[in-house]
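So this one's data-v3.cif, mmCIF, N, CA and C atoms:
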```
data_model
#
loop_
_atom_site.label_atom_id
_atom_site.label_comp_id
_atom_site.auth_asym_id
_atom_site.auth_seq_id
_atom_site.Cartn_x
_atom_site.Cartn_y
_atom_site.Cartn_z
N MET A 17 199.07 144.36 145.41
CA MET A 17 198.56 145.71 145.27
C MET A 17 197.74 145.85 143.98
N LYS A 18 198.24 145.23 142.89
CA LYS A 18 197.53 145.30 141.62
C LYS A 18 196.18 144.60 141.71
N ILE A 19 196.13 143.51 142.45
CA ILE A 19 194.88 142.77 142.61
C ILE A 19 193.86 143.61 143.38
N ILE A 20 194.31 144.30 144.40
CA ILE A 20 193.40 145.15 145.19
C ILE A 20 192.85 146.28 144.32
N LEU A 21 193.71 146.91 143.52
CA LEU A 21 193.25 147.97 142.62
C LEU A 21 192.28 147.44 141.58
N LEU A 22 192.54 146.23 141.07
CA LEU A 22 191.65 145.61 140.09
C LEU A 22 190.29 145.31 140.70
N LEU A 23 190.27 144.75 141.91
CA LEU A 23 189.01 144.47 142.60
C LEU A 23 188.26 145.76 142.91
N LEU A 24 188.97 146.77 143.32
CA LEU A 24 188.34 148.06 143.61
C LEU A 24 187.72 148.66 142.35
N ALA A 25 188.42 148.56 141.23
CA ALA A 25 187.89 149.06 139.96
C ALA A 25 186.64 148.30 139.54
N ILE A 26 186.64 146.99 139.73
CA ILE A 26 185.47 146.17 139.36
C ILE A 26 184.28 146.55 140.24
N ILE A 27 184.51 146.69 141.53
CA ILE A 27 183.42 147.03 142.45
C ILE A 27 182.86 148.42 142.13
N LEU A 28 183.71 149.39 141.89
CA LEU A 28 183.24 150.74 141.55
C LEU A 28 182.49 150.74 140.22
N GLY A 29 182.95 149.96 139.27
CA GLY A 29 182.26 149.86 137.99
C GLY A 29 180.88 149.25 138.14
N HIS A 30 180.78 148.25 138.98
CA HIS A 30 179.49 147.60 139.24
C HIS A 30 178.52 148.57 139.93
N ILE A 31 179.02 149.30 140.91
CA ILE A 31 178.17 150.25 141.65
C ILE A 31 177.69 151.36 140.72
N SER A 32 178.57 151.88 139.88
CA SER A 32 178.15 152.97 138.99
C SER A 32 177.17 152.47 137.93
N SER A 33 177.33 151.24 137.44
CA SER A 33 176.38 150.72 136.46
C SER A 33 175.03 150.45 137.12
N TYR A 34 175.00 150.04 138.38
CA TYR A 34 173.75 149.82 139.10
C TYR A 34 173.00 151.14 139.25
N GLY A 35 173.69 152.20 139.60
CA GLY A 35 173.06 153.51 139.72
C GLY A 35 172.53 154.02 138.39
N GLN A 36 173.23 153.72 137.32
CA GLN A 36 172.80 154.15 135.99
C GLN A 36 171.50 153.48 135.61
N ASN A 37 171.34 152.20 135.92
CA ASN A 37 170.10 151.50 135.60
C ASN A 37 168.91 152.10 136.33
N LYS A 38 169.09 152.51 137.57
CA LYS A 38 168.01 153.14 138.33
C LYS A 38 167.63 154.48 137.70
N ASN A 39 168.62 155.26 137.26
CA ASN A 39 168.33 156.54 136.60
C ASN A 39 167.63 156.31 135.27
N ASP A 40 168.00 155.25 134.55
CA ASP A 40 167.34 154.93 133.30
C ASP A 40 165.88 154.57 133.53
N ASP A 41 165.59 153.82 134.60
CA ASP A 41 164.21 153.48 134.93
C ASP A 41 163.40 154.74 135.23
N TYR A 42 163.98 155.64 135.97
CA TYR A 42 163.32 156.91 136.30
C TYR A 42 162.99 157.69 135.03
N LYS A 43 163.95 157.82 134.14
CA LYS A 43 163.77 158.55 132.89
C LYS A 43 162.71 157.86 132.02
N LYS A 44 162.73 156.53 131.98
CA LYS A 44 161.75 155.79 131.18
C LYS A 44 160.34 155.99 131.71
N MET A 45 160.18 156.04 133.03
CA MET A 45 158.85 156.26 133.60
C MET A 45 158.34 157.66 133.29
N VAL A 46 159.20 158.66 133.39
CA VAL A 46 158.80 160.03 133.07
C VAL A 46 158.44 160.13 131.59
N ASP A 47 159.25 159.52 130.74
CA ASP A 47 158.97 159.51 129.30
C ASP A 47 157.66 158.80 128.99
N SER A 48 157.41 157.67 129.67
CA SER A 48 156.17 156.94 129.41
C SER A 48 154.96 157.73 129.88
N ALA A 49 155.11 158.53 130.93
CA ALA A 49 154.00 159.38 131.37
C ALA A 49 153.63 160.39 130.28
N ILE A 50 154.62 160.91 129.58
CA ILE A 50 154.37 161.85 128.49
C ILE A 50 153.70 161.13 127.33
N VAL A 51 154.22 159.97 126.97
CA VAL A 51 153.67 159.21 125.85
C VAL A 51 152.23 158.79 126.13
N ILE A 52 151.93 158.42 127.36
CA ILE A 52 150.57 158.04 127.73
C ILE A 52 149.60 159.17 127.42
N GLN A 53 150.02 160.41 127.64
CA GLN A 53 149.15 161.55 127.41
C GLN A 53 148.86 161.78 125.93
N THR A 54 149.70 161.27 125.06
CA THR A 54 149.45 161.42 123.62
C THR A 54 148.50 160.37 123.09
N MET A 55 148.24 159.32 123.89
CA MET A 55 147.43 158.20 123.43
C MET A 55 145.98 158.27 123.88
N VAL A 56 145.59 159.34 124.56
CA VAL A 56 144.21 159.49 125.03
C VAL A 56 143.63 160.74 124.36
N PRO A 57 143.29 160.67 123.07
CA PRO A 57 142.93 161.87 122.33
C PRO A 57 141.62 162.53 122.77
N ASP A 58 140.69 161.79 123.41
CA ASP A 58 139.43 162.41 123.78
C ASP A 58 139.55 163.28 125.04
N LYS A 59 140.59 163.07 125.86
CA LYS A 59 140.75 163.85 127.08
C LYS A 59 141.92 164.81 127.04
N VAL A 60 142.92 164.52 126.25
CA VAL A 60 144.15 165.29 126.26
C VAL A 60 144.29 166.11 124.99
N PRO A 61 144.56 167.40 125.11
CA PRO A 61 144.69 168.24 123.90
C PRO A 61 146.07 168.09 123.25
N TYR A 62 146.40 166.89 122.76
CA TYR A 62 147.69 166.69 122.10
C TYR A 62 147.57 166.99 120.62
N ARG A 63 148.49 167.80 120.13
CA ARG A 63 148.65 168.06 118.70
C ARG A 63 150.14 167.99 118.41
N SER A 64 150.49 167.57 117.22
CA SER A 64 151.91 167.49 116.91
C SER A 64 152.51 168.90 116.94
N GLY A 65 153.77 168.96 117.30
CA GLY A 65 154.45 170.25 117.37
C GLY A 65 154.43 170.88 118.75
N ILE A 66 153.89 170.21 119.74
CA ILE A 66 153.92 170.73 121.11
C ILE A 66 155.36 170.66 121.61
N TYR A 67 155.78 171.70 122.32
CA TYR A 67 157.14 171.76 122.84
C TYR A 67 157.17 171.13 124.23
N LEU A 68 158.21 170.36 124.51
CA LEU A 68 158.40 169.76 125.83
C LEU A 68 159.43 170.57 126.60
N LEU A 69 159.09 170.91 127.85
CA LEU A 69 159.98 171.70 128.70
C LEU A 69 160.16 171.01 130.05
N ASP A 70 161.31 171.23 130.67
CA ASP A 70 161.51 170.74 132.03
C ASP A 70 161.15 171.84 133.02
N GLY A 71 161.44 171.65 134.28
CA GLY A 71 161.08 172.62 135.32
C GLY A 71 161.80 173.95 135.21
N ARG A 72 162.90 174.02 134.45
CA ARG A 72 163.65 175.26 134.27
C ARG A 72 163.40 175.89 132.90
N ASP A 73 162.35 175.47 132.24
CA ASP A 73 161.96 175.96 130.91
C ASP A 73 163.03 175.70 129.85
N GLN A 74 163.76 174.60 130.03
CA GLN A 74 164.71 174.12 129.04
C GLN A 74 164.07 172.95 128.30
N ALA A 75 164.62 172.59 127.17
CA ALA A 75 164.06 171.48 126.39
C ALA A 75 164.16 170.17 127.16
N TYR A 76 163.05 169.44 127.21
CA TYR A 76 163.04 168.09 127.78
C TYR A 76 163.01 167.13 126.61
N THR A 77 164.02 166.28 126.50
CA THR A 77 164.15 165.38 125.35
C THR A 77 163.79 163.96 125.76
N LEU A 78 162.94 163.34 124.97
CA LEU A 78 162.57 161.94 125.19
C LEU A 78 163.70 161.03 124.72
N THR A 79 163.80 159.85 125.33
CA THR A 79 164.88 158.93 124.96
C THR A 79 164.56 158.15 123.69
N SER A 80 163.30 157.89 123.42
CA SER A 80 162.91 157.11 122.25
C SER A 80 162.85 157.98 121.00
N ASP A 81 163.54 157.56 119.95
CA ASP A 81 163.55 158.33 118.70
C ASP A 81 162.17 158.41 118.07
N THR A 82 161.38 157.34 118.16
CA THR A 82 160.06 157.34 117.53
C THR A 82 159.12 158.33 118.22
N HIS A 83 159.24 158.48 119.53
CA HIS A 83 158.39 159.41 120.25
C HIS A 83 158.92 160.84 120.20
N GLN A 84 160.23 161.01 119.97
CA GLN A 84 160.82 162.34 119.85
C GLN A 84 160.20 163.10 118.70
N LYS A 85 159.82 162.39 117.64
CA LYS A 85 159.28 163.04 116.45
C LYS A 85 157.90 163.65 116.70
N LYS A 86 157.22 163.23 117.76
CA LYS A 86 155.89 163.77 118.06
C LYS A 86 155.94 165.16 118.66
N PHE A 87 157.11 165.57 119.16
CA PHE A 87 157.24 166.83 119.88
C PHE A 87 158.30 167.72 119.26
N SER A 88 158.27 168.98 119.65
CA SER A 88 159.31 169.93 119.26
C SER A 88 160.08 170.32 120.52
N TYR A 89 161.26 170.90 120.34
CA TYR A 89 162.13 171.20 121.47
C TYR A 89 162.71 172.59 121.33
N MET A 90 162.76 173.30 122.47
CA MET A 90 163.39 174.63 122.50
C MET A 90 163.69 174.99 123.94
N ASN A 91 164.57 175.96 124.12
CA ASN A 91 164.82 176.57 125.42
C ASN A 91 164.13 177.93 125.39
N VAL A 92 163.21 178.15 126.31
CA VAL A 92 162.34 179.32 126.26
C VAL A 92 163.12 180.62 126.25
N TYR A 93 164.13 180.75 127.09
CA TYR A 93 164.81 182.04 127.26
C TYR A 93 165.99 182.24 126.32
N ASP A 94 166.21 181.37 125.34
CA ASP A 94 167.24 181.60 124.34
C ASP A 94 166.82 182.71 123.40
N LYS A 95 167.78 183.48 122.91
CA LYS A 95 167.47 184.59 122.00
C LYS A 95 166.79 184.10 120.73
N GLY A 96 167.19 182.93 120.25
CA GLY A 96 166.62 182.39 119.02
C GLY A 96 165.16 181.99 119.15
N SER A 97 164.69 181.81 120.37
CA SER A 97 163.30 181.40 120.59
C SER A 97 162.32 182.57 120.59
N LYS A 98 162.82 183.78 120.73
CA LYS A 98 161.92 184.94 120.84
C LYS A 98 161.05 185.14 119.61
N SER A 99 161.59 184.94 118.43
CA SER A 99 160.79 185.13 117.21
C SER A 99 159.68 184.09 117.13
N LEU A 100 159.97 182.88 117.54
CA LEU A 100 158.97 181.82 117.56
C LEU A 100 157.90 182.11 118.62
N LEU A 101 158.33 182.60 119.76
CA LEU A 101 157.39 182.87 120.85
C LEU A 101 156.50 184.07 120.56
N ARG A 102 156.92 184.97 119.69
CA ARG A 102 156.05 186.11 119.34
C ARG A 102 154.77 185.62 118.68
N LYS A 103 154.86 184.52 117.95
CA LYS A 103 153.68 183.92 117.32
C LYS A 103 152.87 183.13 118.34
N GLY A 104 153.53 182.65 119.40
CA GLY A 104 152.89 181.84 120.42
C GLY A 104 153.09 180.36 120.14
N VAL A 105 153.37 179.60 121.18
CA VAL A 105 153.55 178.16 121.06
C VAL A 105 152.82 177.45 122.19
N GLU A 106 152.50 176.19 121.95
CA GLU A 106 151.95 175.34 123.00
C GLU A 106 153.09 174.50 123.55
N ALA A 107 153.12 174.36 124.88
CA ALA A 107 154.19 173.59 125.51
C ALA A 107 153.63 172.78 126.67
N TRP A 108 154.30 171.65 126.92
CA TRP A 108 154.01 170.84 128.10
C TRP A 108 155.23 170.92 129.00
N LYS A 109 155.03 171.39 130.23
CA LYS A 109 156.11 171.41 131.21
C LYS A 109 156.02 170.12 132.02
N VAL A 110 157.12 169.39 132.10
CA VAL A 110 157.16 168.09 132.76
C VAL A 110 157.84 168.26 134.13
N LEU A 111 157.08 167.95 135.18
CA LEU A 111 157.58 168.11 136.55
C LEU A 111 157.43 166.79 137.33
N PRO A 112 158.49 165.97 137.37
CA PRO A 112 158.42 164.73 138.14
C PRO A 112 158.75 164.99 139.61
N VAL A 113 157.98 164.34 140.51
CA VAL A 113 158.19 164.47 141.95
C VAL A 113 158.17 163.07 142.55
N LEU A 114 159.21 162.73 143.31
CA LEU A 114 159.26 161.46 144.00
C LEU A 114 158.80 161.70 145.43
N SER A 115 157.70 161.04 145.82
CA SER A 115 157.12 161.22 147.14
C SER A 115 156.90 159.85 147.77
N GLY A 116 157.78 159.48 148.68
CA GLY A 116 157.69 158.16 149.29
C GLY A 116 157.91 157.08 148.27
N ASN A 117 156.93 156.19 148.12
CA ASN A 117 157.05 155.11 147.12
C ASN A 117 156.29 155.44 145.84
N LYS A 118 155.95 156.72 145.65
CA LYS A 118 155.21 157.14 144.46
C LYS A 118 156.03 158.13 143.64
N LEU A 119 155.97 157.94 142.33
CA LEU A 119 156.52 158.91 141.39
C LEU A 119 155.34 159.60 140.75
N ILE A 120 155.21 160.90 141.00
CA ILE A 120 154.11 161.68 140.47
C ILE A 120 154.67 162.59 139.38
N VAL A 121 154.20 162.39 138.16
CA VAL A 121 154.66 163.20 137.03
C VAL A 121 153.54 164.16 136.66
N LYS A 122 153.80 165.45 136.83
CA LYS A 122 152.81 166.46 136.46
C LYS A 122 153.21 167.03 135.11
N ILE A 123 152.24 167.08 134.22
CA ILE A 123 152.46 167.63 132.88
C ILE A 123 151.51 168.82 132.76
N ILE A 124 152.08 170.01 132.71
CA ILE A 124 151.28 171.23 132.68
C ILE A 124 151.27 171.78 131.26
N CYS A 125 150.08 172.03 130.75
CA CYS A 125 149.92 172.53 129.39
C CYS A 125 149.95 174.06 129.43
N TYR A 126 150.83 174.68 128.65
CA TYR A 126 150.97 176.13 128.60
C TYR A 126 150.86 176.64 127.18
N ASN A 127 150.39 177.85 127.05
CA ASN A 127 150.55 178.64 125.84
C ASN A 127 151.55 179.73 126.21
N ILE A 128 152.64 179.81 125.46
CA ILE A 128 153.71 180.75 125.79
C ILE A 128 153.84 181.78 124.68
N THR A 129 153.87 183.04 125.07
CA THR A 129 154.09 184.13 124.12
C THR A 129 155.15 185.08 124.66
N TYR A 130 155.74 185.86 123.76
CA TYR A 130 156.73 186.87 124.12
C TYR A 130 156.34 188.17 123.42
N LYS A 131 156.00 189.18 124.22
CA LYS A 131 155.63 190.48 123.67
C LYS A 131 156.15 191.59 124.57
N LYS A 132 156.71 192.60 123.96
CA LYS A 132 157.20 193.78 124.68
C LYS A 132 158.11 193.40 125.85
N TYR A 133 159.09 192.57 125.58
CA TYR A 133 160.10 192.15 126.55
C TYR A 133 159.54 191.34 127.72
N ASN A 134 158.35 190.79 127.59
CA ASN A 134 157.74 189.99 128.65
C ASN A 134 157.34 188.62 128.11
N TYR A 135 157.58 187.61 128.93
CA TYR A 135 157.13 186.26 128.63
C TYR A 135 155.79 186.05 129.32
N ASN A 136 154.84 185.47 128.60
CA ASN A 136 153.52 185.20 129.16
C ASN A 136 153.27 183.70 129.09
N PHE A 137 153.03 183.10 130.26
CA PHE A 137 152.73 181.68 130.36
C PHE A 137 151.26 181.55 130.75
N ALA A 138 150.42 181.10 129.84
CA ALA A 138 149.00 180.92 130.11
C ALA A 138 148.73 179.44 130.34
N ASN A 139 148.30 179.10 131.54
CA ASN A 139 148.05 177.70 131.91
C ASN A 139 146.74 177.24 131.30
N ALA A 140 146.79 176.06 130.67
CA ALA A 140 145.59 175.51 130.03
C ALA A 140 145.22 174.15 130.62
N GLY A 141 145.60 173.89 131.87
CA GLY A 141 145.28 172.61 132.50
C GLY A 141 146.50 171.73 132.59
N GLY A 142 146.27 170.46 132.82
CA GLY A 142 147.40 169.55 132.90
C GLY A 142 146.99 168.15 133.29
N ALA A 143 147.98 167.30 133.34
CA ALA A 143 147.76 165.89 133.67
C ALA A 143 148.66 165.50 134.84
N THR A 144 148.20 164.52 135.59
CA THR A 144 148.99 163.93 136.66
C THR A 144 149.04 162.44 136.42
N VAL A 145 150.24 161.90 136.35
CA VAL A 145 150.44 160.47 136.14
C VAL A 145 151.16 159.93 137.37
N ILE A 146 150.62 158.84 137.92
CA ILE A 146 151.17 158.30 139.17
C ILE A 146 151.67 156.88 138.94
N PHE A 147 152.93 156.66 139.37
CA PHE A 147 153.53 155.34 139.42
C PHE A 147 153.81 155.02 140.88
N GLU A 148 153.66 153.76 141.26
CA GLU A 148 153.91 153.35 142.64
C GLU A 148 154.87 152.17 142.65
N TYR A 149 155.83 152.22 143.58
CA TYR A 149 156.80 151.13 143.69
C TYR A 149 156.22 150.00 144.54
N SER A 150 156.29 148.79 144.02
CA SER A 150 155.82 147.61 144.74
C SER A 150 157.02 146.84 145.26
N CYS A 151 157.14 146.75 146.59
CA CYS A 151 158.24 146.00 147.20
C CYS A 151 158.10 144.50 146.93
N GLU A 152 156.85 144.03 146.86
CA GLU A 152 156.62 142.60 146.62
C GLU A 152 157.11 142.17 145.25
N LYS A 153 156.84 143.01 144.25
CA LYS A 153 157.23 142.68 142.87
C LYS A 153 158.58 143.29 142.48
N ASP A 154 159.11 144.18 143.34
CA ASP A 154 160.39 144.85 143.10
C ASP A 154 160.39 145.60 141.77
N THR A 155 159.28 146.33 141.51
CA THR A 155 159.17 147.09 140.27
C THR A 155 158.19 148.24 140.45
N TRP A 156 158.22 149.17 139.51
CA TRP A 156 157.29 150.29 139.50
C TRP A 156 156.03 149.88 138.75
N ILE A 157 154.88 150.30 139.26
CA ILE A 157 153.60 149.94 138.66
C ILE A 157 152.84 151.22 138.34
N PHE A 158 152.31 151.29 137.12
CA PHE A 158 151.48 152.43 136.72
C PHE A 158 150.16 152.35 137.48
N LYS A 159 149.77 153.46 138.15
CA LYS A 159 148.54 153.47 138.93
C LYS A 159 147.41 154.19 138.20
N GLU A 160 147.63 155.45 137.84
CA GLU A 160 146.54 156.20 137.21
C GLU A 160 147.06 157.45 136.52
N THR A 161 146.20 158.00 135.69
CA THR A 161 146.45 159.29 135.07
C THR A 161 145.16 160.09 135.13
N LYS A 162 145.30 161.37 135.43
CA LYS A 162 144.14 162.27 135.51
C LYS A 162 144.45 163.52 134.70
N TRP A 163 143.50 163.94 133.91
CA TRP A 163 143.63 165.18 133.15
C TRP A 163 142.67 166.20 133.72
N ILE A 164 143.16 167.37 134.02
CA ILE A 164 142.31 168.45 134.52
C ILE A 164 142.51 169.62 133.56
N GLY A 165 141.46 169.98 132.86
CA GLY A 165 141.55 171.08 131.90
C GLY A 165 140.76 172.28 132.35
N ILE A 166 141.12 173.39 131.78
CA ILE A 166 140.42 174.64 132.10
C ILE A 166 139.37 174.88 131.06
#
```
Structure re-expressed in structure tokens:
Amino acid sequence: MKIILLLLAIILGHISSYGQNKNDDYKKMVDSAIVIQTMVPDKVPYRSGIYLLDGRDQAYTLTSDTHQKKFSYMNVYDKGSKSLLRKGVEAWKVLPVLSGNKLIVKIICYNITYKKYNYNFANAGGATVIFEYSCEKDTWIFKETKWIGI
């Protein structure tokens, strides 16, 4: 009985670690899509201090410490953010979408302000970064990035 429980624990541990590696790859690809946008200064309006947001307007945090320093972080609807938003901030909303064998990461550039109990999100364009999974190579491959500005 002890041997069966030990084998079951080993198998479950292996399965959970395998799933974790896949999630790490997903997070790394989304993070690299953001970093790519900071490295093309002639097309992308990157300035230090831009806030990163996820699809729910919460802080999106990069995994790499060196790249974390390039951005600022906040939750838009927190009470503490209202004073900052009254002055206005620039933010990038990160929206990853998995479609078939493609991971499409949309990065939308916003100017966010808060006045008279209303939040105003002004869209200033955005980028689309596409990764495609290759079954032959058993890995994700960067395909392209496009910036569309207003």
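Counting all atoms listed in the file, the residue from A:Ile52, A:Leu69, A:Leu111, A:Met45 that sits nearest to Ile123 of chain A is A:Leu111.
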Please report the interatomic distance between atom C of Met55 of chain A and atom C of Asp154 of chain A in Å with one decimal.
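Atom C of Asp154 of chain A lies 26.2 Å from atom C of Met55 of chain A.
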Just how far from atom C of Glu152 of chain A is atom CA of Leu78 of chain A, in Å to one decimal?
28.7 Å
Can you pull out every residue from segment 54-156 of chain A that DSSP, working from the backbone, puts in helix (DSSP H, G or I), and format the result as a PyMOL selection string?
chain A and resi 54+81-84+95-103
Give me, please, the distance in Å between atom C of Lys118 of chain A and atom C of Phe137 of chain A, quoted to one decimal.
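Taking atom C of Lys118 of chain A as the start and atom C of Phe137 of chain A as the end point, the length is 27.2 Å.
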All heavy atoms are needed for segment 151-161 of chain A; please write them out as a short mmCIF file (atom, residue, chain, number, x, y, z; two decimals), in the frame of the given file.
```
data_model
loop_
_atom_site.label_atom_id
_atom_site.label_comp_id
_atom_site.auth_asym_id
_atom_site.auth_seq_id
_atom_site.Cartn_x
_atom_site.Cartn_y
_atom_site.Cartn_z
N CYS A 151 157.14 146.75 146.59
CA CYS A 151 158.24 146.00 147.20
C CYS A 151 158.10 144.50 146.93
O CYS A 151 159.09 143.81 146.77
CB CYS A 151 158.29 146.26 148.70
SG CYS A 151 158.72 147.95 149.11
N GLU A 152 156.85 144.03 146.86
CA GLU A 152 156.62 142.60 146.62
C GLU A 152 157.11 142.17 145.25
O GLU A 152 157.71 141.12 145.08
CB GLU A 152 155.13 142.29 146.75
CG GLU A 152 154.57 142.53 148.12
CD GLU A 152 153.05 142.54 148.14
OE1 GLU A 152 152.43 142.46 147.05
OE2 GLU A 152 152.49 142.64 149.24
N LYS A 153 156.84 143.01 144.25
CA LYS A 153 157.23 142.68 142.87
C LYS A 153 158.58 143.29 142.48
O LYS A 153 159.09 143.01 141.41
CB LYS A 153 156.15 143.17 141.90
CG LYS A 153 154.82 142.48 142.11
CD LYS A 153 153.79 143.00 141.14
CE LYS A 153 152.45 142.32 141.39
NZ LYS A 153 151.42 142.81 140.49
N ASP A 154 159.11 144.18 143.34
CA ASP A 154 160.39 144.85 143.10
C ASP A 154 160.39 145.60 141.77
O ASP A 154 161.34 145.53 140.99
CB ASP A 154 161.55 143.84 143.16
CG ASP A 154 162.90 144.54 143.23
OD1 ASP A 154 162.97 145.64 143.81
OD2 ASP A 154 163.87 143.98 142.67
N THR A 155 159.28 146.33 141.51
CA THR A 155 159.17 147.09 140.27
C THR A 155 158.19 148.24 140.45
O THR A 155 157.42 148.29 141.41
CB THR A 155 158.72 146.17 139.11
OG1 THR A 155 158.80 146.91 137.90
CG2 THR A 155 157.31 145.65 139.32
N TRP A 156 158.22 149.17 139.51
CA TRP A 156 157.29 150.29 139.50
C TRP A 156 156.03 149.88 138.75
O TRP A 156 156.11 149.23 137.72
CB TRP A 156 157.92 151.50 138.82
CG TRP A 156 158.98 152.14 139.65
CD1 TRP A 156 160.31 151.88 139.60
CD2 TRP A 156 158.79 153.14 140.64
NE1 TRP A 156 160.97 152.66 140.50
CE2 TRP A 156 160.07 153.46 141.16
CE3 TRP A 156 157.69 153.82 141.15
CZ2 TRP A 156 160.26 154.41 142.15
CZ3 TRP A 156 157.88 154.77 142.13
CH2 TRP A 156 159.15 155.05 142.63
N ILE A 157 154.88 150.30 139.26
CA ILE A 157 153.60 149.94 138.66
C ILE A 157 152.84 151.22 138.34
O ILE A 157 152.74 152.12 139.18
CB ILE A 157 152.76 149.08 139.63
CG1 ILE A 157 153.51 147.78 139.93
CG2 ILE A 157 151.39 148.78 139.06
CD1 ILE A 157 152.90 146.97 141.05
N PHE A 158 152.31 151.29 137.12
CA PHE A 158 151.48 152.43 136.72
C PHE A 158 150.16 152.35 137.48
O PHE A 158 149.49 151.33 137.47
CB PHE A 158 151.24 152.39 135.21
CG PHE A 158 150.21 153.38 134.74
CD1 PHE A 158 150.49 154.72 134.68
CD2 PHE A 158 148.94 152.94 134.39
CE1 PHE A 158 149.54 155.62 134.25
CE2 PHE A 158 147.98 153.83 133.96
CZ PHE A 158 148.29 155.18 133.89
N LYS A 159 149.77 153.46 138.15
CA LYS A 159 148.54 153.47 138.93
C LYS A 159 147.41 154.19 138.20
O LYS A 159 146.34 153.64 138.01
CB LYS A 159 148.76 154.13 140.30
CG LYS A 159 149.47 153.24 141.27
CD LYS A 159 148.61 152.05 141.58
CE LYS A 159 149.23 151.19 142.64
NZ LYS A 159 148.51 149.99 142.90
N GLU A 160 147.63 155.45 137.84
CA GLU A 160 146.54 156.20 137.21
C GLU A 160 147.06 157.45 136.52
O GLU A 160 148.17 157.90 136.76
CB GLU A 160 145.49 156.60 138.26
CG GLU A 160 146.00 157.58 139.29
CD GLU A 160 144.92 157.97 140.30
OE1 GLU A 160 143.76 158.13 139.88
OE2 GLU A 160 145.26 158.12 141.47
N THR A 161 146.20 158.00 135.69
CA THR A 161 146.45 159.29 135.07
C THR A 161 145.16 160.09 135.13
O THR A 161 144.06 159.56 134.95
CB THR A 161 146.95 159.14 133.61
OG1 THR A 161 147.20 160.43 133.07
CG2 THR A 161 145.95 158.41 132.74
#
```
